[in-house]
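> Contents of my_file17.cif (mmCIF, C-alpha atoms and all ligand atoms) are below:
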data_start
#
loop_
_atom_site.label_atom_id
_atom_site.label_comp_id
_atom_site.auth_asym_id
_atom_site.auth_seq_id
_atom_site.Cartn_x
_atom_site.Cartn_y
_atom_site.Cartn_z
CA MET D 1 -15.95 -32.84 -23.32
CA LYS D 2 -17.02 -29.37 -22.22
CA VAL D 3 -15.86 -27.13 -19.37
CA THR D 4 -17.81 -24.08 -18.17
CA LEU D 5 -15.82 -21.32 -16.45
CA ILE D 6 -17.65 -18.82 -14.25
CA LYS D 7 -16.80 -15.44 -12.76
CA PRO D 8 -19.37 -14.73 -10.00
CA ASN D 9 -20.84 -11.34 -9.19
CA ILE D 10 -20.67 -9.99 -5.63
CA GLY D 11 -24.41 -9.90 -5.14
CA ARG D 12 -27.23 -7.47 -5.64
CA ARG D 13 -28.51 -4.13 -4.46
CA GLU D 14 -31.36 -4.12 -1.95
CA HIS D 15 -34.05 -3.54 -4.57
CA SER D 16 -32.44 -4.28 -7.91
CA LEU D 17 -29.80 -6.37 -9.59
CA TYR D 18 -26.26 -5.06 -9.71
CA VAL D 19 -24.54 -4.83 -13.08
CA ASP D 20 -20.87 -3.99 -12.77
CA GLU D 21 -20.29 -1.26 -15.38
CA GLY D 22 -16.57 -1.05 -14.59
CA ARG D 23 -15.95 -4.73 -15.08
CA MET D 24 -12.53 -5.82 -16.23
CA GLU D 25 -11.58 -8.99 -18.04
CA PRO D 26 -11.40 -12.05 -15.76
CA LEU D 27 -7.82 -12.80 -16.80
CA MET D 28 -7.37 -15.92 -14.70
CA LEU D 29 -10.30 -17.69 -16.38
CA ALA D 30 -8.74 -17.00 -19.79
CA VAL D 31 -5.46 -18.44 -18.48
CA ILE D 32 -7.27 -21.59 -17.31
CA ALA D 33 -8.88 -21.86 -20.74
CA GLY D 34 -5.37 -21.52 -22.21
CA LEU D 35 -4.18 -24.38 -19.98
CA THR D 36 -7.02 -26.62 -21.16
CA PRO D 37 -6.26 -29.09 -24.01
CA ASP D 38 -7.55 -28.09 -27.45
CA ASP D 39 -9.98 -31.00 -27.77
CA VAL D 40 -11.99 -29.72 -24.77
CA GLU D 41 -14.69 -27.14 -25.48
CA VAL D 42 -14.41 -24.18 -23.07
CA VAL D 43 -17.14 -21.60 -22.46
CA MET D 44 -17.02 -18.71 -20.03
CA TYR D 45 -19.85 -16.83 -18.32
CA ASP D 46 -19.61 -13.66 -16.31
CA ASP D 47 -22.27 -13.38 -13.64
CA ARG D 48 -21.54 -9.63 -13.35
CA MET D 49 -23.69 -8.89 -16.40
CA GLU D 50 -25.10 -12.06 -17.98
CA SER D 51 -27.39 -14.84 -16.80
CA LEU D 52 -25.93 -18.27 -16.23
CA PRO D 53 -27.14 -21.17 -18.39
CA TYR D 54 -27.66 -23.69 -15.59
CA ASP D 55 -29.46 -26.11 -17.90
CA ASP D 56 -26.86 -26.19 -20.70
CA PRO D 57 -25.06 -29.55 -20.73
CA THR D 58 -21.48 -29.39 -19.50
CA ASP D 59 -19.04 -31.89 -17.94
CA LEU D 60 -17.47 -29.57 -15.36
CA VAL D 61 -18.15 -26.15 -13.90
CA ALA D 62 -15.12 -24.27 -12.56
CA ILE D 63 -15.79 -21.15 -10.47
CA THR D 64 -13.15 -18.65 -9.43
CA VAL D 65 -13.81 -17.48 -5.86
CA GLU D 66 -12.66 -14.35 -4.06
CA ILE D 67 -13.74 -13.39 -0.59
CA TYR D 68 -16.31 -10.87 -1.85
CA THR D 69 -17.86 -13.36 -4.25
CA ALA D 70 -17.79 -16.44 -2.02
CA ARG D 71 -21.46 -16.34 -1.03
CA ARG D 72 -22.61 -15.91 -4.62
CA ALA D 73 -20.13 -18.57 -5.84
CA TYR D 74 -21.58 -21.09 -3.40
CA GLU D 75 -25.12 -20.30 -4.62
CA ILE D 76 -24.08 -20.89 -8.23
CA SER D 77 -22.34 -24.10 -7.24
CA ALA D 78 -25.51 -25.37 -5.55
CA GLU D 79 -27.56 -24.72 -8.72
CA TYR D 80 -25.24 -26.82 -10.87
CA ARG D 81 -24.83 -29.59 -8.32
CA GLN D 82 -28.62 -29.91 -8.02
CA ARG D 83 -28.54 -30.72 -11.73
CA GLY D 84 -25.87 -33.38 -11.23
CA ILE D 85 -23.05 -31.34 -12.77
CA PRO D 86 -19.72 -31.52 -10.89
CA VAL D 87 -18.32 -28.22 -9.62
CA ILE D 88 -14.74 -27.30 -8.76
CA LEU D 89 -13.94 -24.09 -6.85
CA GLY D 90 -10.56 -22.40 -7.10
CA GLY D 91 -8.88 -19.09 -6.37
CA MET D 92 -7.51 -17.33 -3.34
CA HIS D 93 -10.53 -17.82 -1.09
CA PRO D 94 -10.71 -21.64 -1.28
CA THR D 95 -6.94 -21.76 -0.84
CA LEU D 96 -7.12 -19.72 2.36
CA LEU D 97 -10.27 -21.45 3.63
CA PRO D 98 -10.29 -24.97 2.13
CA ALA D 99 -12.59 -26.54 4.74
CA GLU D 100 -15.28 -23.93 4.08
CA ALA D 101 -15.06 -24.15 0.29
CA ALA D 102 -15.14 -27.96 0.36
CA ARG D 103 -18.62 -27.85 1.89
CA TYR D 104 -19.97 -26.16 -1.25
CA ALA D 105 -18.40 -28.12 -4.13
CA ASP D 106 -17.45 -31.55 -5.41
CA SER D 107 -13.84 -30.52 -5.61
CA ILE D 108 -11.59 -27.66 -4.57
CA PHE D 109 -8.45 -26.47 -6.27
CA LEU D 110 -5.86 -24.96 -3.91
CA GLY D 111 -2.97 -22.86 -5.16
CA ASP D 112 -2.11 -21.80 -8.71
CA ALA D 113 -3.63 -23.65 -11.67
CA GLU D 114 -0.58 -23.95 -13.93
CA SER D 115 0.99 -27.13 -12.56
CA LEU D 116 -2.13 -29.23 -11.95
CA TRP D 117 -5.06 -28.13 -14.11
CA HIS D 118 -4.22 -30.80 -16.72
CA GLN D 119 -4.82 -33.43 -13.97
CA VAL D 120 -8.30 -32.06 -13.27
CA ILE D 121 -9.17 -32.42 -16.96
CA ALA D 122 -7.71 -35.94 -17.11
CA ASP D 123 -9.74 -36.97 -14.05
CA VAL D 124 -12.98 -35.51 -15.42
CA ARG D 125 -12.47 -37.47 -18.63
CA LEU D 126 -12.41 -40.64 -16.48
CA ASN D 127 -15.27 -39.41 -14.31
CA LYS D 128 -12.92 -39.50 -11.32
CA LEU D 129 -12.74 -35.91 -10.10
CA LYS D 130 -10.81 -35.83 -6.80
CA PRO D 131 -12.12 -33.86 -3.81
CA VAL D 132 -8.93 -31.78 -3.53
CA TYR D 133 -6.18 -30.66 -5.88
CA LYS D 134 -3.29 -29.02 -4.12
CA ALA D 135 -0.86 -27.08 -6.28
CA PRO D 136 1.92 -24.79 -5.07
CA PRO D 137 1.83 -21.06 -5.84
CA GLY D 138 4.29 -20.24 -8.57
CA VAL D 139 5.25 -18.51 -11.80
CA GLY D 140 2.23 -17.67 -13.95
CA GLN D 141 1.64 -19.01 -17.48
CA TYR D 142 5.02 -20.74 -17.71
CA ASN D 143 5.73 -22.62 -20.96
CA ARG D 144 4.21 -19.77 -22.95
CA VAL D 145 0.60 -20.38 -22.02
CA MET D 146 -1.45 -17.64 -23.64
CA PRO D 147 -4.77 -16.54 -22.12
CA ARG D 148 -7.79 -17.31 -24.38
CA ARG D 149 -8.83 -13.67 -24.77
CA ASP D 150 -11.30 -14.70 -27.48
CA LEU D 151 -13.59 -15.70 -24.58
CA PHE D 152 -13.92 -12.01 -23.65
CA ALA D 153 -15.51 -11.01 -26.98
CA GLY D 154 -18.85 -9.24 -26.75
CA LYS D 155 -18.90 -9.09 -22.93
CA GLY D 156 -18.44 -5.33 -22.66
CA TYR D 157 -15.23 -5.26 -20.64
CA LEU D 158 -13.31 -2.03 -20.18
CA PRO D 159 -10.90 -1.44 -23.09
CA ILE D 160 -7.80 -2.30 -21.11
CA SER D 161 -5.94 -5.61 -21.38
CA LEU D 162 -5.16 -7.37 -18.15
CA MET D 163 -1.83 -9.14 -17.91
CA GLN D 164 0.47 -10.49 -15.25
CA TYR D 165 4.23 -10.21 -14.93
CA SER D 166 4.68 -11.41 -11.35
CA ARG D 167 2.74 -12.82 -8.43
CA GLY D 168 3.18 -12.30 -4.70
CA CYS D 169 4.91 -9.67 -2.61
CA ARG D 170 7.86 -9.56 -0.27
CA PHE D 171 6.11 -7.40 2.33
CA ALA D 172 3.85 -8.67 5.09
CA CYS D 173 1.16 -6.09 5.80
CA SER D 174 -1.02 -7.34 8.62
CA PHE D 175 -4.32 -7.18 6.71
CA CYS D 176 -3.08 -8.64 3.43
CA ALA D 177 -4.27 -12.01 2.15
CA VAL D 178 -1.76 -11.92 -0.74
CA SER D 179 1.14 -12.04 1.64
CA LYS D 180 -0.42 -15.07 3.38
CA TYR D 181 -1.22 -16.89 0.11
CA PHE D 182 2.26 -16.49 -1.38
CA LYS D 183 4.12 -16.69 1.94
CA ARG D 184 6.03 -13.52 1.03
CA GLN D 185 7.50 -15.12 -2.11
CA HIS D 186 7.54 -13.28 -5.42
CA TYR D 187 7.24 -15.24 -8.69
CA ILE D 188 8.31 -13.61 -11.95
CA ARG D 189 7.51 -14.62 -15.54
CA LYS D 190 10.10 -14.60 -18.27
CA ILE D 191 10.15 -11.16 -19.84
CA ASP D 192 10.18 -12.40 -23.44
CA GLU D 193 6.93 -14.29 -22.79
CA VAL D 194 5.30 -11.17 -21.41
CA ILE D 195 6.49 -9.09 -24.36
CA GLU D 196 5.15 -11.71 -26.77
CA GLU D 197 1.78 -11.61 -25.00
CA ILE D 198 1.61 -7.82 -25.22
CA ALA D 199 2.36 -7.93 -28.94
CA GLU D 200 -0.19 -10.67 -29.53
CA GLN D 201 -3.16 -9.01 -27.83
CA GLY D 202 -2.94 -5.82 -29.89
CA ARG D 203 -4.14 -3.15 -27.40
CA ASN D 204 -1.84 -0.40 -26.21
CA PHE D 205 -3.33 0.05 -22.73
CA ILE D 206 -2.25 -2.67 -20.32
CA PHE D 207 -3.08 -3.27 -16.68
CA PHE D 208 -0.50 -5.50 -15.02
CA VAL D 209 -2.56 -7.06 -12.26
CA ASP D 210 0.52 -8.00 -10.22
CA ASP D 211 0.02 -7.91 -6.46
CA ASN D 212 3.04 -5.62 -6.21
CA ILE D 213 4.90 -5.18 -9.48
CA ALA D 214 7.70 -3.44 -7.53
CA SER D 215 8.29 -6.28 -5.10
CA ASP D 216 11.56 -6.95 -6.93
CA ILE D 217 12.94 -3.65 -8.19
CA ARG D 218 15.59 -5.24 -10.42
CA SER D 219 13.10 -7.33 -12.34
CA LEU D 220 10.77 -4.35 -12.69
CA LYS D 221 13.60 -2.27 -14.18
CA ALA D 222 14.33 -5.10 -16.62
CA LEU D 223 10.67 -5.18 -17.69
CA CYS D 224 10.60 -1.39 -18.13
CA ARG D 225 13.63 -1.50 -20.43
CA GLU D 226 11.89 -4.02 -22.68
CA LEU D 227 8.65 -2.03 -22.68
CA ILE D 228 10.20 1.27 -23.83
CA PRO D 229 10.29 0.38 -27.56
CA MET D 230 6.73 -1.02 -27.42
CA LYS D 231 5.26 2.46 -26.86
CA ILE D 232 2.33 1.31 -24.74
CA ASN D 233 0.53 2.90 -21.82
CA TRP D 234 0.39 0.78 -18.73
CA VAL D 235 -0.70 0.83 -15.11
CA SER D 236 -0.24 -1.58 -12.23
CA GLN D 237 -0.09 -1.92 -8.45
CA ALA D 238 3.12 -0.97 -6.71
CA SER D 239 4.43 -0.26 -3.24
CA LEU D 240 5.34 3.33 -2.40
CA ASP D 241 9.04 2.57 -2.07
CA ILE D 242 9.35 2.91 -5.88
CA THR D 243 9.78 6.61 -5.20
CA GLN D 244 13.09 5.96 -3.42
CA ASP D 245 14.78 4.82 -6.64
CA ALA D 246 15.38 7.64 -9.13
CA GLU D 247 16.46 5.33 -11.95
CA LEU D 248 13.35 3.21 -11.50
CA MET D 249 11.06 6.24 -11.60
CA ARG D 250 12.70 7.39 -14.85
CA LEU D 251 12.34 3.94 -16.37
CA LEU D 252 8.72 3.70 -15.31
CA ALA D 253 7.86 6.99 -16.98
CA ASP D 254 9.88 6.18 -20.13
CA SER D 255 8.28 2.76 -20.49
CA GLY D 256 4.75 4.20 -20.52
CA CYS D 257 3.75 3.66 -16.90
CA ARG D 258 0.97 6.19 -16.36
CA GLY D 259 0.24 5.39 -12.73
CA ASN D 260 -0.12 2.75 -10.08
CA VAL D 261 -2.50 1.71 -7.38
CA ILE D 262 -0.39 2.53 -4.34
CA GLY D 263 -1.23 1.50 -0.79
CA PHE D 264 -0.81 4.66 1.27
CA GLU D 265 -3.12 3.01 3.82
CA SER D 266 -2.86 5.74 6.44
CA ILE D 267 -1.59 9.26 6.94
CA THR D 268 -0.46 8.55 10.50
CA GLU D 269 2.69 6.76 11.47
CA ASN D 270 1.11 4.84 14.34
CA SER D 271 -1.46 3.27 12.05
CA LEU D 272 1.21 2.39 9.50
CA ARG D 273 3.03 0.59 12.30
CA ASP D 274 -0.17 -1.24 13.25
CA ALA D 275 -0.54 -2.29 9.61
CA ARG D 276 3.13 -3.32 9.43
CA LYS D 277 3.34 -1.24 6.26
CA ALA D 278 7.10 -1.52 5.91
CA SER D 279 7.19 0.02 2.43
CA ASN D 280 5.83 3.37 3.71
CA LEU D 281 7.61 3.72 7.02
CA PRO D 282 11.30 4.48 6.44
CA GLY D 283 11.84 8.20 7.00
CA PHE D 284 8.09 8.83 7.22
CA SER D 285 7.40 12.51 6.62
CA HIS D 286 3.73 12.53 5.67
CA TYR D 287 4.45 11.50 2.08
CA ARG D 288 5.60 14.98 1.03
CA GLU D 289 8.61 13.76 -0.93
CA GLU D 290 6.92 10.64 -2.34
CA VAL D 291 3.91 12.50 -3.71
CA LYS D 292 6.19 15.13 -5.27
CA ILE D 293 8.23 12.44 -7.04
CA LEU D 294 5.11 10.69 -8.33
CA ARG D 295 3.76 13.97 -9.72
CA GLU D 296 7.07 14.94 -11.30
CA HIS D 297 6.97 11.71 -13.25
CA GLY D 298 3.43 12.36 -14.40
CA MET D 299 1.89 9.44 -12.52
CA GLN D 300 -1.89 9.38 -12.28
CA THR D 301 -1.91 7.79 -8.87
CA TRP D 302 -4.68 5.66 -7.46
CA ALA D 303 -4.12 6.11 -3.72
CA ALA D 304 -5.53 3.29 -1.62
CA PHE D 305 -6.29 3.91 2.05
CA THR D 306 -7.48 1.55 4.77
CA LEU D 307 -9.40 3.09 7.61
CA GLY D 308 -10.39 1.87 11.04
CA TYR D 309 -7.05 1.28 12.74
CA ASP D 310 -6.95 1.62 16.50
CA HIS D 311 -5.46 5.11 16.20
CA ASP D 312 -8.10 6.30 13.72
CA THR D 313 -10.80 8.74 14.77
CA ILE D 314 -13.62 10.30 12.74
CA GLU D 315 -11.42 13.41 12.45
CA SER D 316 -8.41 11.47 11.14
CA ILE D 317 -10.65 9.75 8.58
CA ILE D 318 -11.83 13.12 7.29
CA GLU D 319 -8.24 14.37 7.28
CA THR D 320 -7.32 11.38 5.09
CA MET D 321 -9.82 12.48 2.45
CA LYS D 322 -8.52 16.06 2.61
CA PHE D 323 -4.97 14.78 2.18
CA ALA D 324 -6.02 12.81 -0.92
CA ARG D 325 -7.89 15.79 -2.38
CA ARG D 326 -5.11 18.26 -1.57
CA ASN D 327 -2.63 16.08 -3.41
CA ARG D 328 -5.02 15.80 -6.34
CA PHE D 329 -4.75 12.06 -6.65
CA THR D 330 -6.45 10.94 -9.82
CA PHE D 331 -8.32 8.23 -7.94
CA ALA D 332 -8.52 7.24 -4.31
CA ALA D 333 -10.07 4.26 -2.56
CA PHE D 334 -11.14 4.71 1.06
CA ASN D 335 -11.47 1.13 2.16
CA ILE D 336 -12.59 0.00 5.55
CA LEU D 337 -9.97 -2.19 7.19
CA MET D 338 -11.27 -5.71 6.56
CA PRO D 339 -10.43 -8.80 8.58
CA TYR D 340 -9.61 -11.17 5.74
CA PRO D 341 -9.50 -14.77 6.93
CA ASN D 342 -6.16 -16.26 7.83
CA THR D 343 -4.37 -12.91 8.08
CA PRO D 344 -2.56 -11.61 11.18
CA LEU D 345 -5.19 -8.87 11.48
CA TYR D 346 -7.97 -11.46 11.56
CA SER D 347 -6.23 -13.47 14.31
CA GLN D 348 -5.57 -10.35 16.36
CA LEU D 349 -9.19 -9.13 16.20
CA LYS D 350 -10.45 -12.62 16.94
CA LYS D 351 -8.25 -12.87 20.00
CA GLN D 352 -9.55 -9.50 21.17
CA ASN D 353 -13.14 -10.64 20.58
CA ARG D 354 -13.77 -7.76 18.16
CA LEU D 355 -15.01 -9.63 15.09
CA LEU D 356 -18.61 -9.02 14.05
CA TYR D 357 -20.89 -11.29 11.98
CA ASN D 358 -19.61 -14.42 13.79
CA GLY D 359 -16.21 -13.83 12.27
CA ASN D 360 -17.34 -14.81 8.78
CA TRP D 361 -18.79 -11.63 7.36
CA TRP D 362 -18.29 -12.84 3.76
CA LEU D 363 -21.05 -15.45 4.23
CA HIS D 364 -23.21 -13.75 6.82
CA PRO D 365 -26.74 -12.92 5.50
CA GLN D 366 -26.80 -9.59 7.39
CA TYR D 367 -23.45 -8.28 6.16
CA ARG D 368 -23.55 -5.54 3.54
CA PHE D 369 -20.78 -4.40 1.19
CA ASN D 370 -18.51 -1.60 2.48
CA ASN D 371 -19.64 -2.06 6.08
CA ALA D 372 -17.23 -2.50 8.97
CA ALA D 373 -16.95 -6.12 10.10
CA PHE D 374 -15.19 -5.53 13.40
CA LEU D 375 -15.41 -3.25 16.43
CA PRO D 376 -13.07 -0.27 15.96
CA LYS D 377 -11.41 1.25 19.04
CA GLN D 378 -12.42 4.90 18.80
CA MET D 379 -15.88 4.76 17.22
CA SER D 380 -18.68 2.30 16.59
CA ALA D 381 -18.72 0.01 13.55
CA ASP D 382 -21.61 2.01 12.07
CA GLU D 383 -19.72 5.27 12.58
CA LEU D 384 -16.74 3.83 10.73
CA THR D 385 -18.98 2.65 7.89
CA ASP D 386 -20.70 6.03 7.64
CA ALA D 387 -17.48 8.05 7.86
CA CYS D 388 -15.91 6.09 5.02
CA HIS D 389 -19.00 6.40 2.83
CA HIS D 390 -19.13 10.12 3.63
CA ILE D 391 -15.54 10.75 2.51
CA ARG D 392 -15.98 8.66 -0.65
CA LYS D 393 -18.85 10.95 -1.61
CA LYS D 394 -16.89 14.07 -0.65
CA PHE D 395 -13.89 13.01 -2.72
CA ASN D 396 -16.16 12.55 -5.71
CA THR D 397 -18.18 15.78 -5.70
CA PRO D 398 -18.06 17.70 -9.02
CA LEU D 399 -15.92 20.39 -7.34
CA SER D 400 -13.44 17.86 -6.02
CA LEU D 401 -13.23 16.23 -9.46
CA LEU D 402 -12.50 19.60 -11.09
CA TYR D 403 -9.90 20.49 -8.49
CA ARG D 404 -8.09 17.17 -8.92
CA PHE D 405 -8.37 17.40 -12.68
CA SER D 406 -6.59 20.76 -12.72
CA ASP D 407 -3.13 19.32 -12.28
CA LEU D 408 -0.83 20.13 -15.18
CA LYS D 409 1.72 17.57 -14.09
CA THR D 410 -0.62 14.58 -14.07
CA ASN D 411 -4.24 14.74 -15.21
CA LEU D 412 -3.69 17.57 -17.71
CA ARG D 413 -0.34 16.25 -18.89
CA SER D 414 -1.64 14.86 -22.19
CA LEU D 415 -4.87 14.11 -24.02
CA TRP D 416 -4.49 10.50 -22.99
CA CYS D 417 -4.32 11.52 -19.31
CA VAL D 418 -7.35 13.81 -19.67
CA ALA D 419 -9.40 11.02 -21.28
CA THR D 420 -8.33 8.50 -18.65
CA PHE D 421 -9.18 10.87 -15.83
CA TRP D 422 -12.73 11.51 -17.00
CA ARG D 423 -13.52 8.04 -18.23
CA TYR D 424 -12.59 6.34 -14.98
CA THR D 425 -13.43 8.97 -12.36
CA THR D 426 -16.99 9.16 -13.72
CA LEU D 427 -17.28 5.41 -13.57
CA TYR D 428 -15.93 5.12 -10.04
CA ARG D 429 -18.09 7.98 -8.81
CA LYS D 430 -21.17 6.02 -9.88
CA GLU D 431 -19.88 2.89 -8.17
CA VAL D 432 -19.54 4.72 -4.83
CA TYR D 433 -23.31 5.01 -4.71
CA LYS D 434 -24.26 1.76 -6.43
CA LYS D 435 -22.12 -0.60 -4.43
CA HIS D 436 -22.57 0.76 -0.95
CA ASN D 437 -24.65 -1.57 1.24
CA MET D 438 -24.94 -4.22 -1.46
CA LYS D 439 -26.08 -7.63 -0.34
CA PHE D 440 -23.76 -10.58 -0.91
CA GLY D 441 -25.29 -13.30 -3.09
CA LEU D 442 -28.71 -13.15 -4.75
CA LYS D 443 -30.69 -15.08 -2.12
S1 LIG K 501 2.64 -4.19 -0.04
FE1 LIG K 501 0.57 -4.63 -0.83
S2 LIG K 501 0.64 -6.72 -1.68
FE2 LIG K 501 2.45 -6.44 -0.38
S3 LIG K 501 1.88 -7.28 1.61
FE3 LIG K 501 1.45 -5.07 1.67
S4 LIG K 501 -0.71 -4.85 1.00
FE4 LIG K 501 -0.02 -6.93 0.46
#
In structure tokens, how does this file's structure come out?
Ligand code: SF4


Amino acid sequence: MKVTLIKPNIGRREHSLYVDEGRMEPLMLAVIAGLTPDDVEVVMYDDRMESLPYDDPTDLVAITVEIYTARRAYEISAEYRQRGIPVILGGMHPTLLPAEAARYADSIFLGDAESLWHQVIADVRLNKLKPVYKAPPGVGQYNRVMPRRDLFAGKGYLPISLMQYSRGCRFACSFCAVSKYFKRQHYIRKIDEVIEEIAEQGRNFIFFVDDNIASDIRSLKALCRELIPMKINWVSQASLDITQDAELMRLLADSGCRGNVIGFESITENSLRDARKASNLPGFSHYREEVKILREHGMQTWAAFTLGYDHDTIESIIETMKFARRNRFTFAAFNILMPYPNTPLYSQLKKQNRLLYNGNWWLHPQYRFNNAAFLPKQMSADELTDACHHIRKKFNTPLSLLYRFSDLKTNLRSLWCVATFWRYTTLYRKEVYKKHNMKFGLK
């Protein structure tokens, strides 16, 4: 028996294909391969840079689907189904929108794979694939399941190992699909299993892809203590409230944490309230103290902003970029506020009749990547799109790069930090131009 795992691309540029040069390992597919019994052959294809072998014989195609790849995933599914090969779709998007996903596949897998993937394999062996598998969200890779990282060989992924300690987040930001998927629960792996996995994979640069690794501060401190003797460099995603705990900040730095993706979201308190960004609000004083603490601990911060709240204006959007530049963040993402399906933000905009693209921008043939998909209050959708693209370019001019680089406490702190700064800022700068206005899907 043979199973084919697929990671879809987002789509293509208007006049050429899009090859994702900053692609990272699709960890979840390697975990699914690790959950698959040894007598089943598993192959993995990554649509982001290789062509898919539609005509190769296989008994099941499993495609991981995120909102940005849904349109392309459904195209791939159609190709295989035309050839009589059964397709199962899984991931966050089918779980949040099962009725939609079911229209494009023989079977859908809802929830986390760990507790039910063996049943899918057993059913395929009997030629009795069910239309729906419904598994609860939960602890990742329990029972020492190791991802099959051998499947990544030769695919040109960035030299950073992806790993997961926990899933979910205790906060409930209004735009966040994670909070909806995990219902504000936080699931944590056993630390000894994580440590074993780090030792086994051999690299010393790890990206913990946790939704919010700081959702449970106590468990994060416990992880840090175990990481100290391993002498690795690691990064992750964390809420800004880490800065309120001095012991945690010390442990993060000592354990090799070099930075986190942190959701600053907005520089104005009103917008933070709109976003229900509880982690940023207590004692809000324009992040002065938080940024200082991050810098003092040498963190190369990736500041993530969402723009387009009802209080946002063109001026406040430009101010956001200046704030990010002034604070010399190593990286910054200026994301347009997106109505992800099934989130409180989506329901609110729908009720107010402000959704564009019939409310399903992720499938709409006219929608383009990085474009606003709703009517903002204080500008047009096009103005929001253009303002965000403008500040992404401004943040990435050579002068801005040099200014941000010249920070002795972070980007110039060590050779490792210097190399990381240039390797990734150059890559992301290119992506700003390449990805803007991309079409979803290939057709
Ligand atoms: S803190 Fe991050 S992961 Fe948690 S709910 Fe907010 S946006 Fe989602």

> List as a PyMOL selection string the protein and nucleic acid residues near D:Val31, meaning an atom at most 8 Å away when only C-alpha atoms are counted, but skip any in the same chain fewer than 2 places from it.

chain D and resi 27-29+33-35+141+145-148

> Hey, can you check how far atom CA of D:Phe264 sits from atom CA of D:Ser239?

8.5 Å

> If you count all atoms listed in the file, which residues end up within 6 Å of ligand LIG 501 (chain K), as a PDB file with C-alpha atoms, keeping the file's coordinate frame?


ATOM      1  CA  CYS D 169       4.910  -9.670  -2.610  1.00  0.00           C
ATOM      2  CA  PHE D 171       6.110  -7.400   2.330  1.00  0.00           C
ATOM      3  CA  ALA D 172       3.850  -8.670   5.090  1.00  0.00           C
ATOM      4  CA  CYS D 173       1.160  -6.090   5.800  1.00  0.00           C
ATOM      5  CA  CYS D 176      -3.080  -8.640   3.430  1.00  0.00           C
ATOM      6  CA  VAL D 178      -1.760 -11.920  -0.740  1.00  0.00           C
ATOM      7  CA  SER D 179       1.140 -12.040   1.640  1.00  0.00           C
ATOM      8  CA  ASP D 211       0.020  -7.910  -6.460  1.00  0.00           C
ATOM      9  CA  ASN D 212       3.040  -5.620  -6.210  1.00  0.00           C
ATOM     10  CA  SER D 239       4.430  -0.260  -3.240  1.00  0.00           C
TER      11      SER D 239
END

> Tell me, as a VMD selection string, which residues lie within 9 Å of stretch 250-263 of chain D, counting only C-alpha atoms; anything in the same chain fewer than 2 positions away does not count.

chain D and resid 220 to 221 223 to 240 245 to 248 265 to 266 277 280 294 297 to 306 331 to 332 410 417

> By how many Å are atom CA of D:Phe182 and atom CA of D:Arg167 apart?

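Spanning atom CA of D:Phe182 to atom CA of D:Arg167 is a straight-line distance of 8.0 Å.
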
> Any idea what's packed within 9 Å of D:Arg83, counting only C-alpha atoms, ignoring anything in its chain fewer than 5 positions away? Could you give it as JSON, numbers by chain?

{"D": [54, 55, 78]}

> Please identify all polymer residues within 12 Å of stretch 120-135 of chain D, counting only C-alpha atoms, omitting same-chain residues fewer than 4 positions from it, and present them as a compact mmCIF listing (two decimals) with C-alpha atoms, in the coordinates of the input.


# COMPACT_ATOMS: atom_id res chain seq x y z
CA MET D 1 -15.95 -32.84 -23.32
CA LYS D 2 -17.02 -29.37 -22.22
CA VAL D 3 -15.86 -27.13 -19.37
CA ILE D 32 -7.27 -21.59 -17.31
CA ALA D 33 -8.88 -21.86 -20.74
CA LEU D 35 -4.18 -24.38 -19.98
CA THR D 36 -7.02 -26.62 -21.16
CA PRO D 37 -6.26 -29.09 -24.01
CA ASP D 38 -7.55 -28.09 -27.45
CA ASP D 39 -9.98 -31.00 -27.77
CA VAL D 40 -11.99 -29.72 -24.77
CA GLU D 41 -14.69 -27.14 -25.48
CA VAL D 42 -14.41 -24.18 -23.07
CA THR D 58 -21.48 -29.39 -19.50
CA ASP D 59 -19.04 -31.89 -17.94
CA LEU D 60 -17.47 -29.57 -15.36
CA VAL D 61 -18.15 -26.15 -13.90
CA ALA D 62 -15.12 -24.27 -12.56
CA ILE D 85 -23.05 -31.34 -12.77
CA PRO D 86 -19.72 -31.52 -10.89
CA VAL D 87 -18.32 -28.22 -9.62
CA ILE D 88 -14.74 -27.30 -8.76
CA LEU D 89 -13.94 -24.09 -6.85
CA GLY D 90 -10.56 -22.40 -7.10
CA GLY D 91 -8.88 -19.09 -6.37
CA PRO D 94 -10.71 -21.64 -1.28
CA THR D 95 -6.94 -21.76 -0.84
CA LEU D 96 -7.12 -19.72 2.36
CA PRO D 98 -10.29 -24.97 2.13
CA ALA D 99 -12.59 -26.54 4.74
CA ALA D 101 -15.06 -24.15 0.29
CA ALA D 102 -15.14 -27.96 0.36
CA ARG D 103 -18.62 -27.85 1.89
CA TYR D 104 -19.97 -26.16 -1.25
CA ALA D 105 -18.40 -28.12 -4.13
CA ASP D 106 -17.45 -31.55 -5.41
CA SER D 107 -13.84 -30.52 -5.61
CA ILE D 108 -11.59 -27.66 -4.57
CA PHE D 109 -8.45 -26.47 -6.27
CA LEU D 110 -5.86 -24.96 -3.91
CA GLY D 111 -2.97 -22.86 -5.16
CA ASP D 112 -2.11 -21.80 -8.71
CA ALA D 113 -3.63 -23.65 -11.67
CA GLU D 114 -0.58 -23.95 -13.93
CA SER D 115 0.99 -27.13 -12.56
CA LEU D 116 -2.13 -29.23 -11.95
CA VAL D 139 5.25 -18.51 -11.80

> Kindly give the distance, in Å, that separates atom CA of D:Met438 and atom CA of D:Ile10, rounded to a single decimal.

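Between atom CA of D:Met438 and atom CA of D:Ile10 the gap is 8.3 Å.
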
> Which neighbours of D:Ile198 fall inside 10 Å, counting all atoms listed in the file, when residues of the same chain fewer than 3 positions from it are skipped, and could you give them as a list in words?

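Counting all atoms listed in the file, the residues come to Ser161, Leu162, Met163, Asp192, Glu193, Val194, Ile195, Gln201, Gly202, Arg203, Asn204, Phe205, Ile206, Leu227, Met230 and Ile232 of chain D.
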